[in-house]
file protein.txt (compact mmCIF, C-alpha atoms and all ligand atoms)
# COMPACT_ATOMS: atom_id res chain seq x y z
CA MET A 30 1.11 -16.03 25.55
CA ALA A 31 3.99 -15.53 23.19
CA LEU A 32 1.88 -13.95 20.51
CA LEU A 33 4.51 -13.09 17.97
CA LYS A 34 6.45 -16.31 18.38
CA LEU A 35 3.23 -18.27 18.23
CA GLY A 36 2.40 -16.56 14.98
CA GLU A 37 5.78 -17.46 13.55
CA ASN A 38 5.40 -21.09 14.52
CA ILE A 39 2.04 -21.52 12.94
CA GLY A 40 3.50 -23.89 10.38
CA ILE A 41 4.24 -26.46 13.09
CA MET A 42 1.14 -25.88 15.22
CA SER A 43 -1.46 -28.56 15.74
CA ASP A 44 -4.97 -27.90 14.42
CA ASN A 45 -6.24 -27.22 17.93
CA GLU A 46 -3.46 -24.74 18.60
CA LYS A 47 -4.21 -23.04 15.30
CA ILE A 48 -7.86 -22.63 16.24
CA GLU A 49 -6.94 -21.28 19.69
CA PHE A 50 -4.48 -18.87 18.16
CA SER A 51 -6.94 -17.73 15.58
CA LYS A 52 -9.61 -17.05 18.25
CA PHE A 53 -7.13 -15.18 20.39
CA LYS A 54 -5.96 -13.14 17.42
CA SER A 55 -9.42 -12.10 16.29
CA LYS A 56 -10.39 -11.09 19.83
CA LEU A 57 -7.31 -8.92 20.15
CA ASP A 58 -7.89 -7.54 16.67
CA ALA A 59 -11.48 -6.55 17.50
CA GLU A 60 -10.41 -4.90 20.75
CA VAL A 61 -7.72 -2.87 19.05
CA LYS A 62 -10.06 -1.81 16.24
CA LYS A 63 -12.63 -0.63 18.77
CA LYS A 64 -10.02 1.39 20.63
CA ILE A 65 -8.62 3.22 17.61
CA LYS A 66 -12.02 4.32 16.32
CA PRO A 67 -11.93 8.09 16.85
CA ASP A 68 -14.96 10.04 18.08
CA ARG A 69 -14.20 12.88 15.68
CA CYS A 70 -13.68 12.99 11.95
CA LEU A 71 -9.95 13.17 11.35
CA TYR A 72 -10.52 15.56 8.46
CA CYS A 73 -13.05 18.16 9.58
CA GLY A 74 -12.84 17.57 13.33
CA GLU A 75 -16.64 17.24 13.73
CA LYS A 76 -17.74 15.00 16.56
CA THR A 77 -19.54 11.98 15.16
CA SER A 78 -20.45 8.43 16.05
CA GLN A 79 -21.08 7.69 12.37
CA LEU A 80 -17.70 7.31 10.75
CA CYS A 81 -17.74 6.27 7.15
CA ASN A 82 -16.35 3.03 5.76
CA SER A 83 -13.72 4.63 3.51
CA HIS A 84 -12.19 2.60 0.70
CA THR A 85 -8.54 3.03 -0.27
CA ILE A 86 -9.22 1.79 -3.75
CA PRO A 87 -12.44 3.05 -5.37
CA GLN A 88 -15.12 0.37 -5.25
CA PHE A 89 -15.85 0.54 -8.97
CA ILE A 90 -12.27 -0.60 -9.52
CA LEU A 91 -12.46 -3.50 -7.09
CA ARG A 92 -15.80 -4.51 -8.55
CA ARG A 93 -14.08 -5.02 -11.90
CA LEU A 94 -11.96 -7.74 -10.31
CA SER A 95 -14.63 -9.53 -8.31
CA ASN A 96 -16.52 -12.72 -9.08
CA GLU A 97 -20.32 -13.04 -9.22
CA ILE A 98 -20.64 -12.85 -5.45
CA GLY A 99 -18.44 -9.80 -5.04
CA GLU A 100 -15.25 -11.47 -3.83
CA ILE A 101 -11.61 -10.70 -4.60
CA TYR A 102 -8.32 -12.08 -3.36
CA ASN A 103 -6.21 -10.00 -1.00
CA SER A 104 -2.40 -10.14 -1.07
CA ASN A 105 -2.33 -12.86 1.57
CA ILE A 106 -3.07 -15.37 -1.16
CA LEU A 107 0.62 -14.85 -2.09
CA ILE A 108 2.21 -13.51 1.10
CA LYS A 109 0.64 -16.15 3.38
CA MET A 110 1.21 -14.27 6.61
CA PRO A 111 0.48 -16.56 9.54
CA MET A 112 -1.11 -13.78 11.62
CA LEU A 113 -3.58 -12.93 8.95
CA MET A 114 -5.32 -15.94 7.63
CA ASN A 115 -7.96 -14.64 5.29
CA ASN A 116 -7.22 -14.76 1.54
CA VAL A 117 -10.53 -13.49 0.27
CA ASN A 118 -12.39 -10.22 0.81
CA GLY A 119 -15.82 -9.02 -0.14
CA ILE A 120 -15.31 -5.78 -2.09
CA LYS A 121 -17.25 -3.89 0.57
CA SER A 122 -14.67 -4.78 3.21
CA ALA A 123 -11.49 -4.65 1.12
CA GLY A 124 -8.99 -1.99 2.17
CA VAL A 125 -11.54 -0.28 4.40
CA PHE A 126 -10.79 2.12 7.23
CA LYS A 127 -12.87 4.33 9.53
CA LEU A 128 -11.36 7.72 10.23
CA ILE A 129 -13.50 10.35 8.53
CA CYS A 130 -17.18 11.26 8.47
CA ARG A 131 -19.65 10.43 5.72
CA ASN A 132 -19.88 14.04 4.68
CA CYS A 133 -16.15 14.44 4.13
CA ASP A 134 -15.83 11.08 2.41
CA SER A 135 -18.52 11.93 -0.12
CA GLN A 136 -17.30 15.48 -0.81
CA LEU A 137 -13.53 15.17 -0.86
CA PHE A 138 -13.03 12.35 -3.30
CA SER A 139 -15.49 13.10 -6.07
CA ASP A 140 -12.90 13.16 -8.90
CA TYR A 141 -11.02 10.18 -7.56
CA GLU A 142 -14.20 8.11 -7.28
CA ASN A 143 -15.36 9.00 -10.80
CA PRO A 144 -14.46 6.49 -13.57
CA VAL A 145 -14.40 9.32 -16.17
CA THR A 146 -11.33 10.82 -14.44
CA TYR A 147 -9.18 7.93 -15.64
CA THR A 148 -10.17 8.04 -19.29
CA ASP A 149 -7.64 10.70 -20.25
CA LYS A 150 -4.29 11.76 -18.89
CA LYS A 151 -5.35 15.41 -19.18
CA LEU A 152 -7.93 14.82 -16.46
CA ILE A 153 -5.29 13.70 -13.96
CA THR A 154 -4.77 17.10 -12.35
CA ASP A 155 -3.07 17.98 -9.09
CA LYS A 156 -6.51 17.89 -7.51
CA VAL A 157 -6.97 14.23 -8.46
CA LEU A 158 -3.46 13.34 -7.31
CA ALA A 159 -4.02 15.17 -4.02
CA GLN A 160 -7.23 13.18 -3.48
CA ILE A 161 -5.28 9.97 -4.09
CA GLU A 162 -2.51 11.09 -1.74
CA LEU A 163 -5.03 12.02 0.93
CA LYS A 164 -6.77 8.65 0.73
CA THR A 165 -3.48 6.76 0.79
CA TYR A 166 -2.13 8.59 3.83
CA LEU A 167 -5.40 8.33 5.74
CA LYS A 168 -5.23 4.59 5.22
CA LYS A 169 -1.59 4.55 6.33
CA MET A 170 -2.54 6.54 9.38
CA ASN A 171 -5.14 3.95 10.24
CA ILE A 172 -2.49 1.21 10.04
CA ARG A 173 -0.19 3.17 12.34
CA TYR A 174 -2.96 3.81 14.89
CA TYR A 175 -3.66 0.10 14.81
CA GLU A 176 0.00 -0.76 15.35
CA ARG A 177 0.37 1.76 18.16
CA GLU A 178 -2.58 0.25 19.99
CA MET A 179 -1.44 -3.29 19.23
CA ILE A 180 1.97 -2.55 20.75
CA LYS A 181 0.21 -1.35 23.93
CA GLU A 182 -2.00 -4.43 24.07
CA ILE A 183 0.85 -6.84 23.52
CA SER A 184 2.97 -5.06 26.13
CA LYS A 185 0.17 -5.71 28.62
CA LEU A 186 0.62 -9.42 27.98
CA GLY A 187 4.21 -9.05 29.08
CA GLU A 188 5.46 -9.46 25.57
CA ASN A 189 8.86 -7.88 25.07
CA ILE A 190 7.95 -5.58 22.23
CA LEU A 191 10.57 -3.30 20.77
CA GLU A 192 10.52 0.16 22.22
CA GLU A 193 12.15 1.36 19.05
CA ARG A 194 9.17 0.19 17.05
CA GLU A 195 6.97 2.39 19.21
CA LYS A 196 9.21 5.37 18.50
CA PHE A 197 9.11 4.63 14.79
CA VAL A 198 5.31 4.46 14.76
CA GLU A 199 5.06 7.81 16.58
CA LEU A 200 7.50 9.42 14.18
CA ASP A 201 5.68 8.06 11.17
CA ILE A 202 2.33 9.29 12.49
CA LYS A 203 3.83 12.80 12.67
CA GLU A 204 5.15 12.51 9.10
CA ASN A 205 1.81 11.25 7.84
CA GLU A 206 0.08 14.22 9.48
CA LEU A 207 2.28 16.54 7.42
CA TYR A 208 1.45 14.74 4.16
CA ILE A 209 -2.26 14.77 4.99
CA LYS A 210 -2.12 18.50 5.65
CA GLU A 211 -0.28 19.10 2.39
CA ALA A 212 -2.80 17.08 0.36
CA LYS A 213 -5.70 18.72 2.21
CA ASP A 214 -4.48 22.18 1.18
CA ILE A 215 -4.47 21.18 -2.48
CA VAL A 216 -7.81 19.33 -2.34
CA GLU A 217 -9.44 22.45 -0.90
CA ARG A 218 -7.79 24.96 -3.23
CA GLU A 219 -10.04 26.73 -5.72
CA ASN A 220 -7.48 27.18 -8.46
CA ILE A 221 -5.35 24.26 -9.43
CA ASN A 222 -1.98 25.15 -10.85
CA ASN A 223 -0.61 21.62 -11.30
CA LYS A 224 2.66 22.58 -9.73
CA HIS A 225 2.81 20.32 -6.74
CA TYR A 226 3.05 16.80 -8.14
CA LYS A 227 5.07 15.18 -10.84
CA LEU A 228 3.04 12.55 -12.68
CA ALA A 229 6.14 10.67 -13.67
CA TYR A 230 4.36 7.77 -15.36
CA TYR A 231 0.92 7.36 -16.89
CA LYS A 232 -0.06 4.47 -19.16
CA LYS A 233 -3.44 3.42 -20.34
CA LEU A 234 -3.57 -0.23 -21.41
CA ASN A 235 -6.30 -1.57 -23.68
CA TYR A 236 -6.87 -4.63 -21.51
CA VAL A 237 -7.88 -5.33 -17.91
CA VAL A 238 -5.06 -6.35 -15.55
CA PRO A 239 -5.88 -8.77 -12.70
CA VAL A 240 -4.36 -6.51 -10.00
CA ALA A 241 -5.60 -3.42 -8.18
CA PHE A 242 -3.17 -1.37 -6.16
CA GLN A 243 -2.84 2.04 -4.55
CA ASP A 244 -0.15 2.95 -2.08
CA VAL A 245 2.94 5.03 -1.44
CA LEU A 246 6.19 3.06 -1.37
CA VAL A 247 9.63 4.10 -0.23
CA LEU A 248 12.02 2.73 -2.82
CA ILE A 249 15.41 1.73 -1.46
CA THR A 250 17.22 1.38 -4.77
CA GLY A 251 16.62 1.32 -8.51
CA PHE A 252 18.76 -0.20 -11.25
CA ASP A 253 22.20 1.30 -10.70
CA GLY A 254 23.03 -0.04 -7.22
CA ASN A 255 22.73 3.43 -5.68
CA VAL A 256 20.56 4.22 -2.68
CA ILE A 257 17.33 6.14 -3.29
CA ASN A 258 16.13 6.17 0.32
CA ASP A 259 18.36 5.26 3.24
CA ILE A 260 15.79 3.50 5.42
CA TYR A 261 18.30 3.15 8.26
CA ASN A 262 19.15 6.83 8.49
CA GLU A 263 18.35 7.98 12.01
CA ASP A 264 18.83 11.69 11.43
CA PRO A 265 15.45 13.25 12.34
CA ASN A 266 15.86 15.71 9.48
CA TYR A 267 16.18 12.92 6.92
CA VAL A 268 12.68 12.34 5.54
CA LEU A 269 11.94 9.23 3.50
CA GLN A 270 10.53 10.13 0.08
CA GLY A 271 7.54 8.13 -1.10
CA LEU A 272 6.53 7.12 -4.60
CA HIS A 273 2.78 6.80 -5.20
CA ILE A 274 1.79 3.91 -7.43
CA CYS A 275 -1.72 3.21 -8.72
CA ILE A 276 -2.86 0.21 -10.71
CA PHE A 277 -6.48 0.72 -11.64
CA PRO A 278 -8.26 -1.91 -13.74
CA LEU A 279 -11.27 -0.28 -15.44
CA GLU A 280 -14.19 -1.42 -17.61
CA ASN A 281 -12.18 -2.35 -20.74
CA SER A 282 -8.79 -0.89 -19.94
CA SER A 283 -6.31 -0.29 -17.13
CA VAL A 284 -4.50 2.80 -15.94
CA ILE A 285 -1.05 2.63 -14.37
CA MET A 286 0.31 5.75 -12.68
CA MET A 287 3.35 6.75 -10.66
CA PHE A 288 3.73 10.16 -9.09
CA HIS A 289 5.53 12.01 -6.34
CA SER A 290 5.79 15.46 -4.88
CA LYS A 291 8.02 17.73 -7.00
CA LYS A 292 9.98 18.44 -3.85
CA ASP A 293 11.01 14.79 -3.70
CA THR A 294 13.94 14.84 -6.07
CA ARG A 295 15.38 11.43 -5.14
CA TYR A 296 13.39 9.72 -7.92
CA GLU A 297 14.91 11.64 -10.83
CA LYS A 298 17.62 9.11 -11.64
CA PHE A 299 15.22 6.20 -11.13
CA PHE A 300 12.87 7.56 -13.79
CA LYS A 301 15.72 8.42 -16.12
CA ASP A 302 16.69 4.74 -16.08
CA PHE A 303 13.10 3.45 -16.00
CA ASN A 304 12.06 5.43 -19.07
CA LYS A 305 14.71 3.68 -21.17
CA TYR A 306 12.85 0.37 -20.91
CA LYS A 307 10.20 -0.77 -23.38
CA LEU A 308 6.56 -0.79 -22.29
CA ASN A 309 6.37 -4.48 -21.44
CA GLU A 310 9.54 -4.28 -19.37
CA GLN A 311 8.28 -1.18 -17.57
CA LEU A 312 5.10 -3.03 -16.63
CA SER A 313 7.14 -6.00 -15.52
CA ILE A 314 9.25 -3.74 -13.27
CA ILE A 315 6.14 -2.17 -11.71
CA SER A 316 4.65 -5.61 -11.14
CA TYR A 317 7.90 -6.65 -9.45
CA ILE A 318 7.99 -3.52 -7.24
CA ILE A 319 4.47 -4.26 -5.97
CA LEU A 320 5.34 -7.87 -5.10
CA LEU A 321 8.65 -6.87 -3.55
CA TYR A 322 7.54 -3.94 -1.43
CA SER A 323 3.85 -4.13 -0.77
CA GLU A 324 1.77 -6.03 1.71
CA GLU A 325 -1.56 -4.86 0.35
CA PHE A 326 -2.72 -5.43 -3.18
CA PHE A 327 -5.84 -7.07 -4.55
CA LEU A 328 -6.11 -9.76 -7.18
CA SER A 329 -9.01 -10.78 -9.34
CA LYS A 330 -10.88 -13.96 -8.51
CA LYS A 331 -10.47 -14.64 -12.24
CA ILE A 332 -6.66 -14.46 -12.15
CA LYS A 333 -4.91 -17.39 -13.83
CA GLU A 334 -4.21 -20.20 -11.37
CA GLU A 335 -0.69 -20.60 -12.72
CA LEU A 336 0.17 -17.15 -11.35
CA LEU A 337 -1.11 -17.94 -7.85
CA ARG A 338 0.88 -21.17 -7.85
CA ASN A 339 4.04 -19.74 -9.41
CA LYS A 340 6.91 -20.36 -7.01
CA LYS A 341 8.92 -17.30 -8.02
CA ILE A 342 5.97 -14.97 -7.49
CA ASN A 343 5.25 -16.51 -4.09
CA ASP A 344 8.91 -16.28 -3.07
CA VAL A 345 9.17 -12.58 -3.88
CA ALA A 346 5.89 -11.79 -2.13
CA GLN A 347 7.00 -13.71 0.95
CA GLN A 348 10.47 -12.19 1.27
CA THR A 349 10.60 -10.78 4.75
CA SER A 350 9.82 -7.22 4.09
CA ILE A 351 12.28 -4.72 5.46
CA ASN A 352 10.08 -2.01 4.14
CA GLU A 353 8.67 0.32 6.74
CA THR A 354 5.29 -1.36 6.84
CA ASN A 355 6.68 -4.42 8.54
CA ILE A 356 6.35 -4.41 12.31
CA MET A 357 9.41 -6.34 13.37
CA GLU A 358 12.04 -6.36 10.72
CA ILE A 359 13.16 -2.81 10.23
CA PHE A 360 15.33 -2.70 13.33
CA GLN A 361 17.17 -5.86 12.65
CA LYS A 362 20.72 -4.90 11.96
CA VAL A 363 20.59 -5.49 8.26
CA SER A 364 23.05 -3.28 6.47
CA LEU A 365 21.97 -0.86 3.83
CA LYS A 366 24.22 -2.69 1.42
CA LEU A 367 22.29 -5.91 1.93
CA ALA A 368 19.02 -4.05 1.48
CA VAL A 369 20.25 -2.56 -1.78
CA ASN A 370 21.11 -6.06 -2.98
CA LYS A 371 17.78 -7.49 -2.00
CA TYR A 372 15.79 -4.66 -3.57
CA ASP A 373 17.84 -4.40 -6.78
CA LEU A 374 15.19 -3.91 -9.45
CA ASN A 375 17.22 -5.64 -12.13
CA ASN A 376 15.88 -8.89 -10.70
CA TYR A 377 12.48 -8.17 -12.24
CA LYS A 378 13.32 -10.31 -15.28
CA ASP A 379 12.91 -13.61 -13.44
CA ILE A 380 9.39 -12.97 -12.22
CA PRO A 381 6.22 -13.35 -14.35
CA ASN A 382 4.66 -9.98 -15.13
CA LEU A 383 1.18 -9.68 -13.59
CA LEU A 384 0.48 -6.66 -15.80
CA SER A 385 1.26 -8.42 -19.05
CA LYS A 386 -1.42 -8.67 -21.73
CA LYS A 387 -1.26 -12.44 -21.59
CA TYR A 388 -2.67 -12.43 -18.04
CA ALA A 389 -5.47 -9.97 -18.79
CA ILE A 390 -8.90 -10.90 -17.47
CA SER A 391 -12.10 -10.87 -19.44
CA ARG A 392 -15.70 -10.36 -18.39
ZN ZN B 401 -15.57 15.15 8.36
call {"tool": "encode", "arguments": {"input": "protein.txt", "output": "structure tokens"}}
result
Amino acid sequence: MALLKLGENIGIMSDNEKIEFSKFKSKLDAEVKKKIKPDRCLYCGEKTSQLCNSHTIPQFILRRLSNEIGEIYNSNILIKMPMLMNNVNGIKSAGVFKLICRNCDSQLFSDYENPVTYTDKKLITDKVLAQIELKTYLKKMNIRYYEREMIKEISKLGENILEEREKFVELDIKENELYIKEAKDIVERENINNKHYKLAYYKKLNYVVPVAFQDVLVLITGFDGNVINDIYNEDPNYVLQGLHICIFPLENSSVIMMFHSKKDTRYEKFFKDFNKYKLNEQLSIISYIILLYSEEFFLSKKIKEELLRNKKINDVAQQTSINETNIMEIFQKVSLKLAVNKYDLNNYKDIPNLLSKKYAISR
């Protein structure tokens, strides 16, 4: 069965075909998930059959966005990917992965999982940022394991999957391992010297935004038309530099953070330009970056309908991502120049700002 093509054609499929496809997809999905479940904790190496359901975004944050029965929207409400048909998640299953043991999950992330941590910028130490980085890369690792296995499964069906994609996944797994090791060292360190990360942006807003987000993104360009990361560079020594972004809606406020490793100097000019904007524009730019680059964010069930229906928001979210998270697109011969055009952040002005006070949610 032409799985990928079938997925692409879902718009013109009959209802019966859609049901068949959906059944086939969930069977494959379940098989792959079973296969990638490790028998050891990825963190401590202990053998265990009881891996924890780890959350990439702390549950107390997701809970803030949910309705009475604990539901939130996932990004598919805007992206509308044919292969992934669910728009709604229970907060218990949102952004969940199984790679580490219960013991590690409960010990390693105590600051990150504590609402008090986000009440004051002073409390955002390297230890907290390392915990965030660790969580983010573990989740990314899980996605890569899934893709690696999926490529194998699809190949078995005789599907002509790109060999290059396989190479990319392997390479990225190796890079992620390095980041995980780096974060692990800081998480376990007794004395924190706050020398590893640069918390380039921290804002506490006195209202609750309808979005929750935590990921590391590889920005291609900023505002000046120059390249930040050359995503087509094939030199094995050229490492893509990631920017961590967190959008955490809290009880009566929201915290927005951006940080990166101090070693990653490619973001200096970006922040020099970014800092010149006023607060509302900065928030608008961050909102645009999330829509433009990310395939996983969560929206409140109480978000204003006009935002979900807004054509411009939907168009940006649905742009074929050439970011590294997309399975098929990265090896299309799109020139870097085209990518720079497409990802030019000056275009933020046309898109409604999800982080604006006017879209804040109430209890
Ligand atoms: Zn463990």
call {"tool": "axis_aligned_box", "arguments": {"input": "protein.txt", "around": "segment 201-214 of chain A", "padding_each_side": "4 Å", "output": "AutoDock Vina command-line options"}}
result
--center_x 0.0 --center_y 15.1 --center_z 6.5 --size_x 19.4 --size_y 22.1 --size_z 20.3
call {"tool": "closest_residue", "arguments": {"input": "protein.txt", "among": "A:Tyr261, A:Tyr72, A:Phe50, A:Phe138", "to": "ligand ZN 401 (chain B)", "atoms": "only C-alpha atoms and all ligand atoms"}}
result
A:Tyr72
call {"tool": "residues_near_ligand", "arguments": {"input": "protein.txt", "ligand": "ligand ZN 401 (chain B)", "cutoff": "6 Å", "atoms": "all atoms listed in the file", "output": "list in words"}}
result
Cys70, Tyr72, Cys73, Glu75, Ile129, Cys130, Asn132 and Cys133 of chain A
call {"tool": "closest_residue", "arguments": {"input": "protein.txt", "among": "A:Ile90, A:Val245, A:Ile108, A:Leu57", "to": "Glu162 of chain A", "atoms": "only C-alpha atoms"}}
result
A:Val245
call {"tool": "closest_residue", "arguments": {"input": "protein.txt", "among": "A:Val256, A:Gln347, A:Lys387, A:His273", "to": "Lys366 of chain A", "atoms": "all atoms listed in the file"}}
result
A:Val256
call {"tool": "closest_residue", "arguments": {"input": "protein.txt", "among": "A:Asn223, A:Ser364, A:Asn258, A:Asn96", "to": "Lys151 of chain A", "atoms": "all atoms listed in the file"}}
result
A:Asn223
call {"tool": "residues_around", "arguments": {"input": "protein.txt", "residues": "Phe326 of chain A", "least_positions_apart": "5", "cutoff": "10 Å", "atoms": "only C-alpha atoms", "output": "list in words"}}
result
Ile86, Tyr102, Asn103, Ser104, Asn105, Ala123, Gly124, Val240, Ala241, Phe242, Gln243, Asp244, Ile276, Ile319 and Leu320 of chain A
call {"tool": "residues_around", "arguments": {"input": "protein.txt", "residues": "Ser329 of chain A", "least_positions_apart": "6", "cutoff": "6 Å", "atoms": "all atoms listed in the file", "output": "ChimeraX atom specification"}}
result
/A:94-95,101,239
call {"tool": "closest_residue", "arguments": {"input": "protein.txt", "among": "A:Asp155, A:Glu97, A:Glu60, A:Glu49", "to": "Asn222 of chain A", "atoms": "all atoms listed in the file"}}
result
A:Asp155
call {"tool": "residues_around", "arguments": {"input": "protein.txt", "residues": "Leu383 of chain A", "least_positions_apart": "5", "cutoff": "10 Å", "atoms": "all atoms listed in the file", "output": "list in words"}}
result
Val238, Pro239, Val240, Leu312, Ser313, Ile315, Ser316, Tyr317, Ile319, Leu320, Leu328, Ile332, Lys333, Leu336, Ile342, Tyr388 and Ala389 of chain A
call {"tool": "residues_near_point", "arguments": {"input": "protein.txt", "point": "(5.7, 20.6, -7.4)", "cutoff": "6 Å", "atoms": "only C-alpha atoms", "output": "count of residues only"}}
result
6
call {"tool": "closest_residue", "arguments": {"input": "protein.txt", "among": "A:Thr165, A:Asn205, A:Gln160, A:Ser122", "to": "Asp140 of chain A", "atoms": "all atoms listed in the file"}}
result
A:Gln160
call {"tool": "residues_around", "arguments": {"input": "protein.txt", "residues": "Tyr230 of chain A", "least_positions_apart": "6", "cutoff": "9 Å", "atoms": "only C-alpha atoms", "output": "VMD selection string"}}
result
chain A and resid 285 to 288 300 304
call {"tool": "atom_distance", "arguments": {"input": "protein.txt", "atom1": "atom CA of Leu384 of chain A", "atom2": "atom CA of Arg93 of chain A"}}
result
15.2 Å
call {"tool": "atom_distance", "arguments": {"input": "protein.txt", "atom1": "atom CA of Asn116 of chain A", "atom2": "atom CA of Leu128 of chain A"}}
result
24.5 Å
call {"tool": "atom_distance", "arguments": {"input": "protein.txt", "atom1": "atom CA of Glu310 of chain A", "atom2": "atom CA of Tyr147 of chain A"}}
result
22.7 Å
